[in-house]
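K.L.:
Let me begin by handing over the structure; questions about it come next.
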Amino acid sequence: MKKLFTMNELTVTEIEGILDEAEGFANGSCWNPKLQTMVANLFFEPSTRTKSSFEMAERKLGLDVIPFDAGTSSVLKGETLYDTVKTLEAIGVKALIIRHEQDNYFEELKGKVKIPIINAGDGCGNHPTQSLLDLLTIKQEFNSFKGLKIAIIGDVRHSRVAKSNAEALTRLGAEVVFSGPPEWFDRDNGLGRYQDIDEAMVTSDVVMLLRIQHERHSENYDHANGDYLERFGLTKKREKNMKQGAIIMHPAPINRGVEIDSDLVECSRSRIFKQMENGVFIRMAVLKNVLEQSEGGMNHENCHKKWSIAR
């Protein structure tokens, strides 16, 4: 794997390999490049979890992180994304992690940049490392994807997580259904059918809630008057009706009391903070893969020293 823009560019075998490698990191395996290796995180949208998770993964792998702040960069002088990327490539950065508000921003970089690029989220398009950490969390719970029913609930239209997960989960053998406001569901997406919220809650093995992405709504919608939780969210009543063994997931940040009752965020079914923990191991596995495949990237060391892992 020389770069990672979308989930659909990974084969099932490659997905399984990344999950296995991430499990290894979670169990204490380690990998470091022999030579000093610089990477940079280019985040053009606000981020807490993804940016911090990548930086934690990079530091655990012994990579040097070049600071980049879009708010103080030459982007403010009109520099294009392409020129920013080429500048960092020219000064010796060996991999870039990019989040950008534009859908498919990476199309303008394909074939023009020699170093690996990992997509940390593009507009409403794709979020492959979030998808991989979600897959790892589900695998740890059920050991397999075949036969599982996954309900993705909420702001489906604007969610890069929903699209990435639906595509990958379907290929891995799970059934995906969508729920939430019907007008936020694209019936032509070909990734899963729409199901009533209460039926989806009762029959699913995984209830995956989505944040309402207010910043991406250009039109007025009638779910801002405080009734979203009752109509489409995970209430305490709906949680009691969930299947035995079913789990709750959310990519966060969470709108407490909107997508989910605040008391359920850390309930026994919730795997929300487990998802965040797994994000570090997934991003370590992805970084290892792309750096190994890049020029000179095979200069590395594997060791079996146990880390002290934040849990």
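Chain labels follow the order of the structure tokens: the first chain is A, the next B, and so on; residue numbering restarts at 1 in every chain, and ligands are counted from 1 in their shown order.
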At a cut-off of 8 Å, using only C-alpha atoms, what residues contact range 101-118 of chain A? Leave out same-chain residues fewer than 3 positions from it and give the result as JSON, numbers by chain.

P.N.:
{"A": [2, 3, 4, 5, 44, 45, 82, 85, 86, 89, 93, 94, 95, 96, 97, 98, 121, 122, 123, 124, 125, 126, 290, 291, 294]}

K.L.:
Let's see if you can do this: from backbone DSSP, list all helix (DSSP H, G or I) residues in range 231-262 of chain A, as a list of chain:residue names.

P.N.:
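Matching residues, listed in order: A:Arg231, A:Phe232, A:Lys236, A:Lys237, A:Arg238, A:Glu239, A:Lys240, A:Ser262.
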
K.L.:
Please produce a file of those selected residues containing N, CA, C and O atoms, as a PDB file, in the first residue's frame.

P.N.:
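Here's the written file again_20.pdb:
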ATOM      1  N   ARG A 231     -36.928  11.487  18.050  1.00  0.00           N
ATOM      2  CA  ARG A 231     -37.349  10.968  16.742  1.00  0.00           C
ATOM      3  C   ARG A 231     -36.322  10.026  16.121  1.00  0.00           C
ATOM      4  O   ARG A 231     -36.686   9.018  15.504  1.00  0.00           O
ATOM      5  N   PHE A 232     -35.030  10.368  16.255  1.00  0.00           N
ATOM      6  CA  PHE A 232     -34.022   9.606  15.517  1.00  0.00           C
ATOM      7  C   PHE A 232     -32.796   9.196  16.335  1.00  0.00           C
ATOM      8  O   PHE A 232     -31.891   8.551  15.822  1.00  0.00           O
ATOM      9  N   LYS A 236     -32.825   6.127  26.115  1.00  0.00           N
ATOM     10  CA  LYS A 236     -32.715   5.020  27.076  1.00  0.00           C
ATOM     11  C   LYS A 236     -33.742   3.929  26.753  1.00  0.00           C
ATOM     12  O   LYS A 236     -33.466   2.737  26.905  1.00  0.00           O
ATOM     13  N   LYS A 237     -34.924   4.336  26.300  1.00  0.00           N
ATOM     14  CA  LYS A 237     -35.953   3.350  25.957  1.00  0.00           C
ATOM     15  C   LYS A 237     -35.502   2.497  24.787  1.00  0.00           C
ATOM     16  O   LYS A 237     -35.659   1.271  24.794  1.00  0.00           O
ATOM     17  N   ARG A 238     -34.932   3.121  23.775  1.00  0.00           N
ATOM     18  CA  ARG A 238     -34.470   2.340  22.613  1.00  0.00           C
ATOM     19  C   ARG A 238     -33.294   1.438  23.003  1.00  0.00           C
ATOM     20  O   ARG A 238     -33.186   0.311  22.503  1.00  0.00           O
ATOM     21  N   GLU A 239     -32.431   1.926  23.871  1.00  0.00           N
ATOM     22  CA  GLU A 239     -31.285   1.091  24.293  1.00  0.00           C
ATOM     23  C   GLU A 239     -31.754  -0.192  24.977  1.00  0.00           C
ATOM     24  O   GLU A 239     -31.181  -1.271  24.778  1.00  0.00           O
ATOM     25  N   LYS A 240     -32.819  -0.096  25.762  1.00  0.00           N
ATOM     26  CA  LYS A 240     -33.344  -1.286  26.456  1.00  0.00           C
ATOM     27  C   LYS A 240     -33.905  -2.302  25.477  1.00  0.00           C
ATOM     28  O   LYS A 240     -33.983  -3.499  25.794  1.00  0.00           O
ATOM     29  N   SER A 262     -27.078  11.389  26.886  1.00  0.00           N
ATOM     30  CA  SER A 262     -25.749  11.547  27.482  1.00  0.00           C
ATOM     31  C   SER A 262     -25.387  10.394  28.419  1.00  0.00           C
ATOM     32  O   SER A 262     -24.230   9.972  28.477  1.00  0.00           O
TER      33      SER A 262
END

K.L.:
Can you tell me which residues surround Ile138 in chain A at a distance of at most 12 Å, considering only C-alpha atoms, apart from same-chain residues fewer than 3 positions away, and format the answer as a ChimeraX atom specification?

P.N.:
/A:19,131-135,141-146,148-150,165,169,172,174,205-208,245-249,270-272,274-275,278

K.L.:
Quick one: residues within 9 Å of Arg49 in chain A, only C-alpha atoms, excluding same-chain residues fewer than 4 positions away - as a ChimeraX atom specification?

P.N.:
/A:53-54,252-253,276,279

K.L.:
Name all residues at most 10 Å from range 182-185 of chain A (count only C-alpha atoms; drop same-chain ones fewer than 6 positions away) and give them as a PyMOL selection string.

P.N.:
chain A and resi 153-159+193-196+221

K.L.:
Separation of CA of Val258 in chain A and CA of Ser204 in chain A, in Å?

P.N.:
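One can read the CA of Val258 in chain A to CA of Ser204 in chain A distance as 20.5 Å.
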
K.L.:
Name the closest residue to Ala162 in chain A among the candidates A:Pro251, A:Gly78, A:Gly147, A:Gly226; distances are taken between atoms, counting only C-alpha atoms.

P.N.:
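For Ala162 in chain A, the nearest of the given residues is A:Pro251.
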
K.L.:
Counting only C-alpha atoms, which residue out of A:Glu292, A:Glu9, A:Glu259, A:Asp186 sits closest to Pro128 in chain A?

P.N.:
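When distances to Pro128 in chain A are compared using only C-alpha atoms, the smallest one comes from A:Glu9.
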
K.L.:
Please measure the separation of CA of Glu277 in chain A and CA of Gln140 in chain A, giving the value in Å to one decimal.

P.N.:
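Spanning CA of Glu277 in chain A to CA of Gln140 in chain A is a straight-line distance of 12.5 Å.
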
K.L.:
Counting only C-alpha atoms, which of A:Ser164, A:Asn32, A:Thr13, A:Gln213 gets nearest to Leu191 in chain A?

P.N.:
A:Ser164

K.L.:
Give the strand (DSSP E) residues of range 133-230 of chain A, as DSSP finds them on the backbone, and put them as a list in words.

P.N.:
Lys149, Ile150, Ala151, Ile152, Ile153, Glu175, Val176, Val177, Phe178, Ser179, Arg193, Tyr194, Val206, Val207, Met208 and Leu209 of chain A

K.L.:
Of the candidates A:Lys51, A:Leu210, A:Gly257, A:Thr203, which one gets nearest to Val65 in chain A if we count only C-alpha atoms?

P.N.:
A:Lys51
